[in-house]
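Trainee: Structure supplied as input.txt; contents: compact mmCIF, C-alpha atoms and all ligand atoms.
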# COMPACT_ATOMS: atom_id res chain seq x y z
CA PRO K 161 47.96 -37.55 77.19
CA ILE K 162 51.26 -35.78 77.75
CA VAL K 163 54.02 -37.81 76.13
CA LEU K 164 57.54 -37.85 77.54
CA GLY K 165 60.16 -38.58 74.86
CA ILE K 166 63.62 -39.88 75.69
CA GLU K 167 66.54 -39.88 73.25
CA SER K 168 69.95 -41.50 73.86
CA SER K 169 71.04 -43.04 70.56
CA CYS K 170 74.36 -41.24 70.23
CA ASP K 171 75.98 -38.46 72.25
CA GLU K 172 72.92 -36.35 73.14
CA THR K 173 70.70 -37.20 76.08
CA GLY K 174 67.33 -35.60 75.42
CA ALA K 175 63.97 -35.39 77.12
CA GLY K 176 60.91 -33.68 75.69
CA LEU K 177 57.23 -33.30 76.52
CA VAL K 178 54.58 -33.10 73.82
CA ARG K 179 50.79 -33.01 73.91
CA GLY K 180 48.57 -32.90 70.85
CA GLY K 181 51.43 -31.95 68.53
CA ARG K 182 52.61 -29.13 70.77
CA LEU K 183 56.01 -28.94 72.44
CA LEU K 184 55.61 -28.23 76.16
CA GLY K 185 59.25 -28.36 77.23
CA HIS K 186 62.53 -30.06 76.45
CA ALA K 187 66.14 -30.34 77.55
CA VAL K 188 69.28 -31.77 75.97
CA ALA K 189 72.65 -32.65 77.47
CA SER K 190 75.56 -33.49 75.22
CA SER K 191 78.78 -35.37 75.88
CA MET K 192 80.20 -33.91 72.65
CA GLU K 193 83.05 -31.98 74.30
CA GLU K 194 84.48 -35.23 75.63
CA TYR K 195 85.21 -36.48 72.13
CA ALA K 196 87.31 -33.59 70.81
CA ARG K 197 90.55 -35.41 71.55
CA PHE K 198 89.31 -38.68 70.04
CA GLY K 199 87.84 -37.10 66.92
CA GLY K 200 84.61 -39.04 67.28
CA VAL K 201 82.08 -40.47 69.73
CA VAL K 202 83.44 -43.11 72.13
CA PRO K 203 80.51 -45.50 72.80
CA GLU K 204 81.52 -46.42 76.35
CA ILE K 205 81.88 -42.77 77.37
CA ALA K 206 78.55 -41.98 75.72
CA SER K 207 76.72 -44.71 77.66
CA ARG K 208 78.08 -43.44 80.97
CA ALA K 209 77.22 -39.86 80.07
CA HIS K 210 73.61 -40.88 79.35
CA LEU K 211 73.44 -42.59 82.72
CA HIS K 212 74.44 -39.34 84.42
CA ALA K 213 72.33 -37.03 82.27
CA LEU K 214 69.05 -38.90 81.98
CA ARG K 215 67.41 -37.94 85.26
CA PRO K 216 68.54 -34.29 85.10
CA VAL K 217 67.25 -33.78 81.54
CA VAL K 218 63.88 -35.33 82.39
CA ARG K 219 63.65 -33.08 85.44
CA GLN K 220 64.67 -30.02 83.39
CA ALA K 221 62.13 -30.74 80.65
CA LEU K 222 59.39 -31.12 83.28
CA ALA K 223 60.46 -27.89 84.99
CA GLU K 224 60.45 -26.01 81.68
CA ALA K 225 56.94 -27.28 80.98
CA GLY K 226 55.76 -26.57 84.54
CA LEU K 227 54.80 -30.22 84.97
CA THR K 228 55.60 -33.08 87.32
CA LEU K 229 56.20 -36.79 86.72
CA SER K 230 52.58 -37.59 87.56
CA ASP K 231 51.40 -35.51 84.57
CA ILE K 232 53.06 -37.91 82.13
CA GLY K 233 50.55 -40.10 80.28
CA ALA K 234 52.89 -42.08 78.00
CA VAL K 235 56.61 -42.61 77.54
CA ALA K 236 58.29 -42.78 74.11
CA VAL K 237 61.91 -43.81 73.72
CA THR K 238 64.38 -44.27 70.88
CA THR K 239 64.95 -47.99 70.38
CA GLY K 240 67.18 -47.62 67.31
CA PRO K 241 69.13 -47.10 65.23
CA GLY K 242 72.15 -45.97 67.25
CA LEU K 243 74.88 -47.10 69.61
CA SER K 244 73.80 -50.26 71.41
CA GLY K 245 74.93 -49.34 74.93
CA ALA K 246 73.69 -45.76 74.60
CA LEU K 247 70.25 -46.93 73.43
CA GLN K 248 70.02 -49.38 76.32
CA VAL K 249 70.53 -46.67 78.92
CA GLY K 250 67.64 -44.62 77.54
CA LEU K 251 65.41 -47.66 77.13
CA ALA K 252 66.07 -48.88 80.68
CA GLY K 253 65.20 -45.43 82.03
CA ALA K 254 62.06 -45.22 79.92
CA LYS K 255 60.89 -48.67 81.00
CA GLY K 256 61.44 -47.80 84.64
CA LEU K 257 59.40 -44.63 84.30
CA ALA K 258 56.60 -46.27 82.29
CA TYR K 259 56.37 -49.09 84.82
CA ALA K 260 56.49 -46.83 87.88
CA LEU K 261 53.95 -44.37 86.44
CA ASP K 262 51.83 -47.20 85.01
CA VAL K 263 51.63 -45.58 81.57
CA PRO K 264 52.16 -47.09 78.09
CA LEU K 265 55.62 -47.28 76.52
CA TYR K 266 56.30 -46.62 72.82
CA GLY K 267 59.47 -47.61 70.98
CA VAL K 268 60.48 -44.97 68.44
CA HIS K 269 62.72 -45.09 65.39
CA HIS K 270 65.32 -42.33 65.70
CA LEU K 271 64.85 -41.18 62.10
CA ALA K 272 61.07 -40.98 62.45
CA GLY K 273 61.98 -38.65 65.32
CA HIS K 274 64.09 -36.42 63.08
CA VAL K 275 61.16 -36.19 60.65
CA ALA K 276 58.56 -35.51 63.36
CA ALA K 277 60.73 -32.72 64.81
CA ASP K 278 59.43 -30.49 62.06
CA THR K 279 55.80 -30.99 63.08
CA LEU K 280 56.50 -29.31 66.44
CA GLU K 281 57.24 -26.08 64.60
CA HIS K 282 55.13 -26.32 61.44
CA GLY K 283 52.21 -28.59 62.29
CA PRO K 284 51.16 -31.93 60.79
CA LEU K 285 53.00 -33.16 57.70
CA PRO K 286 50.99 -32.92 54.49
CA ASP K 287 50.21 -36.18 52.69
CA PRO K 288 52.31 -36.70 50.65
CA CYS K 289 55.56 -34.91 51.38
CA MET K 290 59.14 -35.49 50.29
CA VAL K 291 61.56 -35.90 53.19
CA LEU K 292 65.33 -35.51 52.97
CA ILE K 293 67.01 -36.92 56.06
CA VAL K 294 70.59 -35.65 56.35
CA SER K 295 72.39 -36.54 59.54
CA GLY K 296 75.58 -37.97 60.97
CA GLY K 297 74.66 -41.51 59.98
CA HIS K 298 72.06 -41.17 57.23
CA THR K 299 71.34 -39.48 53.92
CA SER K 300 67.97 -40.65 52.62
CA LEU K 301 65.09 -39.48 50.46
CA LEU K 302 61.65 -40.65 51.53
CA LEU K 303 58.20 -40.11 50.13
CA VAL K 304 56.10 -39.93 53.29
CA ARG K 305 52.32 -40.40 53.28
CA ASP K 306 51.71 -41.14 56.97
CA LEU K 307 54.61 -41.42 59.37
CA ALA K 308 52.69 -42.98 62.26
CA ARG K 309 51.26 -45.74 60.05
CA ASP K 310 54.48 -46.49 58.21
CA ARG K 311 53.22 -45.34 54.86
CA ILE K 312 56.69 -44.44 53.64
CA VAL K 313 58.35 -45.04 50.27
CA HIS K 314 62.10 -45.19 50.52
CA LEU K 315 63.50 -43.61 47.35
CA GLY K 316 67.24 -43.61 47.94
CA ASP K 317 70.16 -43.55 50.34
CA THR K 318 73.82 -42.83 50.42
CA LEU K 319 75.89 -45.66 48.98
CA ASP K 320 78.75 -44.89 51.36
CA ASP K 321 79.25 -42.02 53.83
CA ALA K 322 76.43 -39.87 55.16
CA ALA K 323 76.59 -36.12 54.49
CA GLY K 324 77.28 -35.34 58.17
CA GLU K 325 80.01 -37.97 58.27
CA CYS K 326 81.61 -36.30 55.25
CA PHE K 327 81.62 -32.93 57.05
CA ASP K 328 82.99 -34.51 60.22
CA LYS K 329 85.81 -36.36 58.44
CA VAL K 330 86.84 -33.50 56.18
CA ALA K 331 86.88 -31.15 59.16
CA ARG K 332 89.53 -33.37 60.75
CA VAL K 333 91.65 -33.22 57.62
CA PHE K 334 91.27 -29.42 57.59
CA GLY K 335 92.38 -29.25 61.23
CA LEU K 336 88.97 -28.01 62.40
CA PRO K 337 87.58 -29.03 65.81
CA TYR K 338 85.05 -31.81 66.45
CA PRO K 339 82.15 -31.91 65.69
CA GLY K 340 83.07 -31.07 62.13
CA GLY K 341 79.75 -30.03 60.63
CA PRO K 342 79.25 -26.85 62.67
CA ALA K 343 82.99 -26.08 62.35
CA ILE K 344 82.85 -26.30 58.54
CA ASP K 345 79.74 -24.12 58.56
CA ARG K 346 81.53 -21.44 60.63
CA ALA K 347 84.77 -21.60 58.64
CA ALA K 348 82.86 -21.38 55.35
CA ARG K 349 81.51 -17.91 56.19
CA ALA K 350 84.88 -16.35 55.32
CA GLY K 351 85.44 -18.50 52.22
CA ASP K 352 84.63 -18.52 48.52
CA PRO K 353 82.29 -21.38 47.57
CA ARG K 354 83.69 -21.33 44.01
CA ALA K 355 87.34 -21.51 45.07
CA VAL K 356 87.69 -25.29 44.73
CA PRO K 357 85.79 -27.21 42.02
CA PHE K 358 84.83 -30.22 44.13
CA PRO K 359 82.87 -32.97 42.30
CA ARG K 360 79.07 -33.34 42.49
CA PRO K 361 78.84 -37.13 42.96
CA LEU K 362 76.05 -39.11 41.24
CA THR K 363 74.51 -36.13 39.48
CA GLY K 364 75.16 -37.37 35.93
CA PRO K 365 72.33 -38.32 33.55
CA ARG K 366 73.10 -42.03 33.96
CA ASP K 367 73.43 -42.00 37.73
CA GLU K 368 70.80 -43.25 40.16
CA PRO K 369 68.66 -40.13 40.59
CA TYR K 370 68.08 -40.55 44.33
CA ALA K 371 71.26 -42.29 45.48
CA PHE K 372 73.99 -40.26 47.17
CA SER K 373 77.72 -40.73 47.59
CA PHE K 374 79.99 -38.62 49.76
CA SER K 375 83.14 -40.67 50.22
CA GLY K 376 84.62 -39.44 46.91
CA LEU K 377 84.03 -35.88 48.01
CA LYS K 378 85.83 -36.63 51.25
CA THR K 379 88.81 -38.02 49.28
CA ALA K 380 88.80 -35.02 46.93
CA ALA K 381 88.90 -32.69 49.93
CA ALA K 382 91.77 -34.66 51.47
CA ARG K 383 93.73 -34.51 48.16
CA TRP K 384 93.15 -30.79 47.93
CA ALA K 385 94.46 -30.36 51.48
CA GLU K 386 97.52 -32.50 50.72
CA GLY K 387 98.24 -30.22 47.78
CA HIS K 388 98.80 -27.42 50.29
CA ALA K 389 101.01 -29.50 52.58
CA HIS K 390 103.90 -27.05 52.27
CA GLY K 391 101.95 -23.85 52.52
CA ARG K 392 99.08 -22.38 54.48
CA LEU K 393 95.83 -24.26 53.87
CA PRO K 394 93.04 -21.88 52.79
CA VAL K 395 90.57 -23.60 55.12
CA ALA K 396 87.76 -21.09 54.63
CA ASP K 397 87.76 -21.61 50.85
CA GLY K 398 87.94 -25.39 51.25
CA ALA K 399 85.09 -25.40 53.77
CA ALA K 400 82.89 -23.09 51.67
CA SER K 401 83.53 -25.13 48.52
CA LEU K 402 82.85 -28.45 50.24
CA GLN K 403 79.68 -27.12 51.84
CA GLU K 404 78.54 -25.81 48.46
CA ALA K 405 79.11 -29.20 46.82
CA VAL K 406 77.19 -31.07 49.53
CA ALA K 407 74.33 -28.55 49.57
CA ASP K 408 74.16 -28.56 45.77
CA VAL K 409 73.86 -32.35 45.48
CA LEU K 410 71.36 -32.68 48.35
CA THR K 411 69.00 -29.95 47.24
CA ARG K 412 69.23 -30.76 43.53
CA LYS K 413 68.16 -34.37 44.11
CA ALA K 414 65.48 -33.52 46.66
CA VAL K 415 63.87 -30.91 44.41
CA ALA K 416 64.06 -33.27 41.40
CA ALA K 417 62.30 -35.96 43.46
CA CYS K 418 59.50 -33.53 44.32
CA ALA K 419 59.06 -32.72 40.63
CA GLU K 420 59.08 -36.35 39.52
CA TYR K 421 56.56 -37.46 42.15
CA GLY K 422 54.43 -34.34 41.92
CA VAL K 423 54.98 -33.56 45.60
CA GLN K 424 54.53 -29.97 46.72
CA THR K 425 56.29 -30.02 50.07
CA LEU K 426 59.93 -30.76 50.86
CA VAL K 427 60.94 -31.39 54.48
CA VAL K 428 64.67 -31.32 55.25
CA VAL K 429 65.59 -32.82 58.64
CA GLY K 430 68.54 -34.18 60.66
CA GLY K 431 71.72 -32.55 61.97
CA VAL K 432 72.91 -31.40 58.54
CA ALA K 433 69.61 -29.53 58.05
CA ALA K 434 71.22 -27.09 60.52
CA ASN K 435 73.81 -26.21 57.87
CA SER K 436 73.38 -22.61 56.73
CA ARG K 437 74.10 -23.30 53.06
CA VAL K 438 71.89 -26.39 52.93
CA ARG K 439 69.09 -24.21 54.31
CA SER K 440 69.65 -21.24 52.02
CA LEU K 441 70.13 -23.28 48.83
CA ALA K 442 67.07 -25.41 49.63
CA GLU K 443 65.11 -22.18 50.05
CA GLU K 444 66.33 -20.76 46.73
CA ARG K 445 65.61 -23.90 44.77
CA CYS K 446 62.25 -24.61 46.36
CA ARG K 447 61.14 -21.06 45.69
CA ALA K 448 62.19 -21.40 42.03
CA ALA K 449 60.36 -24.74 41.72
CA ARG K 450 57.30 -23.46 43.65
CA ILE K 451 57.73 -26.11 46.33
CA GLU K 452 56.94 -25.42 49.97
CA LEU K 453 60.05 -25.94 52.10
CA ARG K 454 59.91 -27.01 55.74
CA VAL K 455 63.03 -27.17 57.91
CA PRO K 456 62.90 -27.54 61.71
CA PRO K 457 64.38 -24.76 63.86
CA LEU K 458 68.11 -25.25 64.51
CA ARG K 459 67.69 -26.63 68.05
CA LEU K 460 65.39 -29.39 66.79
CA CYS K 461 67.63 -30.45 63.85
CA THR K 462 70.26 -32.24 65.94
CA ASP K 463 69.33 -35.05 68.34
CA ASN K 464 66.80 -34.18 71.05
CA GLY K 465 64.01 -35.73 73.12
CA ALA K 466 61.25 -33.48 71.81
CA MET K 467 61.34 -35.18 68.43
CA ILE K 468 60.93 -38.60 70.08
CA ALA K 469 58.01 -37.30 72.12
CA ALA K 470 56.52 -35.97 68.86
CA VAL K 471 56.53 -39.47 67.34
CA GLY K 472 55.12 -40.94 70.55
CA ASP K 473 52.34 -38.38 70.40
CA LEU K 474 51.60 -39.30 66.75
CA LEU K 475 51.54 -43.01 67.66
CA VAL K 476 49.20 -42.44 70.59
CA ARG K 477 46.84 -40.44 68.40
CA ALA K 478 47.03 -43.05 65.61
CA GLY K 479 45.97 -45.72 68.11
CA ALA K 480 49.23 -47.70 67.75
CA GLU K 481 49.92 -50.65 70.06
CA PRO K 482 52.28 -49.74 72.90
CA ALA K 483 55.51 -51.72 73.17
CA PRO K 484 55.74 -54.55 75.70
CA LEU K 485 57.94 -53.81 78.72
CA ASP K 486 60.49 -56.34 77.47
CA VAL K 487 60.94 -54.53 74.14
CA SER K 488 64.60 -54.47 73.12
CA THR K 489 66.84 -52.01 71.35
CA ASP K 490 67.52 -52.40 67.64
CA PRO K 491 70.85 -50.68 66.89
CA SER K 492 70.42 -51.08 63.11
CA ALA K 493 66.64 -50.62 62.82
CA PRO K 494 65.68 -50.36 59.13
CA LEU K 495 63.97 -47.25 57.82
CA GLU K 496 61.08 -49.06 56.15
CA TYR K 497 59.38 -49.77 59.43
CA ALA K 498 60.21 -46.43 60.95
CA ALA K 499 57.21 -46.12 63.23
CA LEU K 500 56.05 -49.65 63.86
CA HIS K 501 59.28 -51.62 63.81
CA PRO K 502 60.12 -51.34 67.53
CA VAL K 503 56.79 -52.89 68.51
CA ALA K 504 57.50 -55.97 66.44
CA ALA K 505 60.81 -56.41 68.27
CA GLY K 506 59.12 -57.20 71.61
P1 LIG K 601 71.69 -40.32 62.84
O1 LIG K 601 70.59 -39.34 63.12
O2 LIG K 601 71.87 -40.60 61.39
O3 LIG K 601 71.58 -41.55 63.66
P2 LIG K 601 73.27 -38.59 64.45
O4 LIG K 601 72.10 -38.69 65.37
O5 LIG K 601 74.63 -38.73 65.01
O6 LIG K 601 73.07 -39.63 63.28
P3 LIG K 601 72.44 -35.91 64.08
O7 LIG K 601 72.49 -35.60 65.51
O8 LIG K 601 71.15 -35.88 63.42
O9 LIG K 601 73.20 -37.24 63.69
O10 LIG K 601 73.37 -34.88 63.37
C1 LIG K 601 74.73 -34.80 63.69
C2 LIG K 601 75.45 -34.49 62.40
O11 LIG K 601 75.03 -33.21 61.93
C3 LIG K 601 76.95 -34.44 62.56
O12 LIG K 601 77.55 -35.11 61.48
C4 LIG K 601 77.24 -32.95 62.52
O13 LIG K 601 78.53 -32.64 62.03
C5 LIG K 601 76.16 -32.46 61.57
N1 LIG K 601 75.88 -31.04 61.73
C6 LIG K 601 75.38 -30.40 62.81
N2 LIG K 601 75.31 -29.06 62.58
C7 LIG K 601 75.78 -28.87 61.32
C8 LIG K 601 75.98 -27.73 60.50
N3 LIG K 601 75.69 -26.50 60.92
N4 LIG K 601 76.50 -27.93 59.25
C9 LIG K 601 76.79 -29.17 58.81
N5 LIG K 601 76.63 -30.27 59.54
C10 LIG K 601 76.14 -30.14 60.78
MG MG K 602 75.06 -35.96 68.20
FE FE K 603 70.20 -38.17 64.81
Written as C-alpha cells, that's how I'd like the structure from this file.
Ligand code: ATP
Ligand code: MG
Ligand code: FE
Mentor:
Amino acid sequence: PIVLGIESSCDETGAGLVRGGRLLGHAVASSMEEYARFGGVVPEIASRAHLHALRPVVRQALAEAGLTLSDIGAVAVTTGPGLSGALQVGLAGAKGLAYALDVPLYGVHHLAGHVAADTLEHGPLPDPCMVLIVSGGHTSLLLVRDLARDRIVHLGDTLDDAAGECFDKVARVFGLPYPGGPAIDRAARAGDPRAVPFPRPLTGPRDEPYAFSFSGLKTAAARWAEGHAHGRLPVADGAASLQEAVADVLTRKAVAACAEYGVQTLVVVGGVAANSRVRSLAEERCRAARIELRVPPLRLCTDNGAMIAAVGDLLVRAGAEPAPLDVSTDPSAPLEYAALHPVAAG
C-alpha cells in the first residue's frame, strides 16, 4: 500500500508518501520564522500553525506524487515525543483521514522517523548498524538490529542538553538569528575552528564512553563571549570552534562505538546531521576506520513527513498491528519502544 506519513511534533508540519521503501512525494511547512522574536518555539503558535498547514501539505505531497487521497492505503502519524498540542493536531488529522478512507492507522515514534529517513535515500538499514541521533531534543547512540521490530540497544544519551539545543542556545548568546544551528553553520564558514579551545566533554578515559554532555560547552561559549563584552565579538571564530568541538565529540564516540561493537555501518540522523562539519568529520573518521557512513540528504535530516511515512511503510511490511482509532499522543515517548510503543498506548 501507499503510506501517508504525517509529522507535527514541533514546528514543522510534514506530509510524505512512501511505497515499498520509495519516496513518492513530500511537503513541509514550517512556522519557524514566527519564533525569531521569541528565540524558541512557542507551543500554542505551533499548534495553530499545524492546524492551518496540515491540509495544504497533504495536498501538496499528493500533487507532487501525482496521487489522490483515494490512493492512500495506510496512514502513519507521529504520536511522540514532541509538543503535546502540536502532536494532537497531527494525530486528529491522521485519525480523520484513516477513518474516512477506511485504512489502517499507525502511530510512529518521531525518532524512529529520523532513523528511517535515511532508508529513503540509501535503502534498508543493514543489521546491525550504529545510529547516532542528533537533533534539537536528543543526542543518542543506538545499536539497531531491526527498527520495525524494536530490536534496538540504547547505548547512551546526553546527560543534559542535546547537541542541537547547544547550537540554538549558543547562537542566541552570539547574537545569531533563530534557529541557531543553521546560523552557526553559516557563520562558521568564515571562522577558524582552532581559534577557541572549547572543551570536549566526557571524552576522558574515565568518562562514560557513550554518554554526551553539551551544557558545559554552552557555558564555555557564553564565558568566551562575555570576555569580549567590550570589543567586537569574533563570531565566526566562536561558531567554527564550537561546531568543531560538537562534531569532534559526536563523531569520536560514534566511531568508537562501531569499533567496540564490531559494527560496519554508522548512520547519522536528525537535524544536526545537516551540519556541514558533523558531516565532513564523520566522513573523514569513518573512512579512516573503514566504516560505511550513511547520512540522509539535507532535506530529510530536519523534521518531515516522509520519514514518518517511511516508518509506517516498514511497520506495514513487518506485519505490525495498526493502532486503534483512540490511540493517544505520548509527548515523552521513550526510545526503547521506538516502533511499537504507540500501539501499546491505545
Ligand atoms: P527532536 O527530533 O529531538 O524531537 P526536533 O525535531 O526539534 O527535536 P530536528 O528537527 O531533528 O529537532 O532538528 C532541529 C535541530 O537541528 C535544531 O536544534 C537546529 O538548530 C539543528 N540544526 C538544523 N540544521 C543544522 C545545521 N546545519 N547545523 C547545526 N544544527 C542544525
Ligand atoms: Mg523544527
Ligand atoms: Fe526531530
Trainee: My list of candidates is K:Leu495, K:Val188, K:Ala469, K:Ala433. Which is closest to ligand LIG 601 (chain K) when distances are computed with only C-alpha atoms and all ligand atoms?
Mentor: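 That would be K:Ala433, the residue with the smallest distance to ligand LIG 601 (chain K).
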Trainee: Can you tell me which residues come within 10 Å of ligand FE 603 (chain K) when counting all atoms listed in the file, ideally as a compact mmCIF listing (two decimals) with C-alpha atoms, keeping the file's coordinate frame?
Mentor:
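Saved the output as pocket.txt:
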# COMPACT_ATOMS: atom_id res chain seq x y z
CA GLU K 167 66.54 -39.88 73.25
CA SER K 168 69.95 -41.50 73.86
CA SER K 169 71.04 -43.04 70.56
CA CYS K 170 74.36 -41.24 70.23
CA ASP K 171 75.98 -38.46 72.25
CA GLU K 172 72.92 -36.35 73.14
CA PRO K 241 69.13 -47.10 65.23
CA GLY K 242 72.15 -45.97 67.25
CA HIS K 270 65.32 -42.33 65.70
CA LEU K 271 64.85 -41.18 62.10
CA ALA K 272 61.07 -40.98 62.45
CA GLY K 273 61.98 -38.65 65.32
CA HIS K 274 64.09 -36.42 63.08
CA ILE K 293 67.01 -36.92 56.06
CA VAL K 294 70.59 -35.65 56.35
CA SER K 295 72.39 -36.54 59.54
CA GLY K 296 75.58 -37.97 60.97
CA GLY K 297 74.66 -41.51 59.98
CA HIS K 298 72.06 -41.17 57.23
CA VAL K 429 65.59 -32.82 58.64
CA GLY K 430 68.54 -34.18 60.66
CA GLY K 431 71.72 -32.55 61.97
CA VAL K 432 72.91 -31.40 58.54
CA CYS K 461 67.63 -30.45 63.85
CA THR K 462 70.26 -32.24 65.94
CA ASP K 463 69.33 -35.05 68.34
CA ASN K 464 66.80 -34.18 71.05
Trainee: Report, in Å to a single decimal, how far apart atom O4 of ligand LIG 601 (chain K) and atom CA of Ala260 of chain K are.
Mentor: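 Here the two named atoms are 28.6 Å from each other.
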Trainee: With distances taken over only C-alpha atoms and all ligand atoms, which of K:Ala385, K:Ala246, K:Leu177, K:Leu222 is nearest to ligand MG 602 (chain K)?
Mentor: K:Ala246
Trainee: So, with all atoms listed in the file as the atoms that count, which of K:Pro288, K:Gly165, K:Gly181, K:Pro342 lies closest to ligand MG 602 (chain K)?
Mentor: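 Smallest distance to ligand MG 602 (chain K) is found for K:Pro342.
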Trainee: So that I can see what lies close to Gly250 of chain K, please list as a ChimeraX atom specification the residues with an atom at most 12 Å from it, counting all atoms listed in the file and leaving out residues fewer than 3 positions away in the same chain.
Mentor: /K:165-175,206-215,217-218,235-240,242-247,253-257,267-268,465,468,488-489
Trainee: For a quick check of understanding, using all atoms listed in the file, which of K:Gly341, K:Ala396, K:Leu301, K:Arg311 has the smallest distance to ligand MG 602 (chain K)?
Mentor: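 When distances to ligand MG 602 (chain K) are compared using all atoms listed in the file, the smallest one comes from K:Gly341.
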Trainee: Looking at only C-alpha atoms and all ligand atoms, which of K:Leu336, K:Arg305, K:Pro357, K:Arg459 is the one that sits closest to ligand MG 602 (chain K)?
Mentor: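 Using only C-alpha atoms and all ligand atoms, the shortest distance to ligand MG 602 (chain K) belongs to K:Arg459.
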Trainee: Give, as JSON, the centre coordinates and the x, y and z edge lengths in Å to one decimal for an axis-aligned box around all listed atoms of segment 440-455 of chain K, padded by 8 Å on each side.
Mentor:
{"center_x": 63.5, "center_y": -24.0, "center_z": 49.8, "size_x": 29.2, "size_y": 22.4, "size_z": 32.2}
Trainee: Find the residue from K:Pro286, K:Gly200, K:Gly398, K:Gly316 that sits nearest to ligand MG 602 (chain K); use only C-alpha atoms and all ligand atoms when measuring.
Mentor: K:Gly200
Trainee: Mind pulling up the distance from atom CA of Leu362 of chain K to atom CA of Ala400 of chain K?
Mentor: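 Taking atom CA of Ala400 of chain K and atom CA of Leu362 of chain K, their separation equals 20.3 Å.
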Trainee: Would you compute the distance between atom CA of Gly364 of chain K and atom O9 of ligand LIG 601 (chain K)? Give it in Å to one decimal.
Mentor: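 Separating atom CA of Gly364 of chain K from atom O9 of ligand LIG 601 (chain K) is a distance of 27.8 Å.
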Trainee: Within 8 Å of Val415 of chain K, counting only C-alpha atoms, which residues qualify if same-chain residues fewer than 4 places away don't, as a list in words?
Mentor: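 My list of contacting residues is Thr411, Ala419, Leu426, Arg445, Cys446 and Ala449 of chain K.
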Trainee: When you look at Asp473 of chain K with a cut-off of 7 Å (counting only C-alpha atoms), what residues show up, excluding the ones that are within fewer than 4 positions of it in the same chain? I need them as a list in words.
Mentor: Val163, Val178, Arg179, Gly180, Gly181, Ala469 and Arg477 of chain K
Trainee: Keeping only C-alpha atoms, write the selected residues to a file as a PDB file, in the frame of the given file.
Mentor:
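Saved to out18.pdb:
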ATOM      1  CA  VAL K 163      54.020 -37.810  76.130  1.00  0.00           C
ATOM      2  CA  VAL K 178      54.580 -33.100  73.820  1.00  0.00           C
ATOM      3  CA  ARG K 179      50.790 -33.010  73.910  1.00  0.00           C
ATOM      4  CA  GLY K 180      48.570 -32.900  70.850  1.00  0.00           C
ATOM      5  CA  GLY K 181      51.430 -31.950  68.530  1.00  0.00           C
ATOM      6  CA  ALA K 469      58.010 -37.300  72.120  1.00  0.00           C
ATOM      7  CA  ARG K 477      46.840 -40.440  68.400  1.00  0.00           C
TER       8      ARG K 477
END
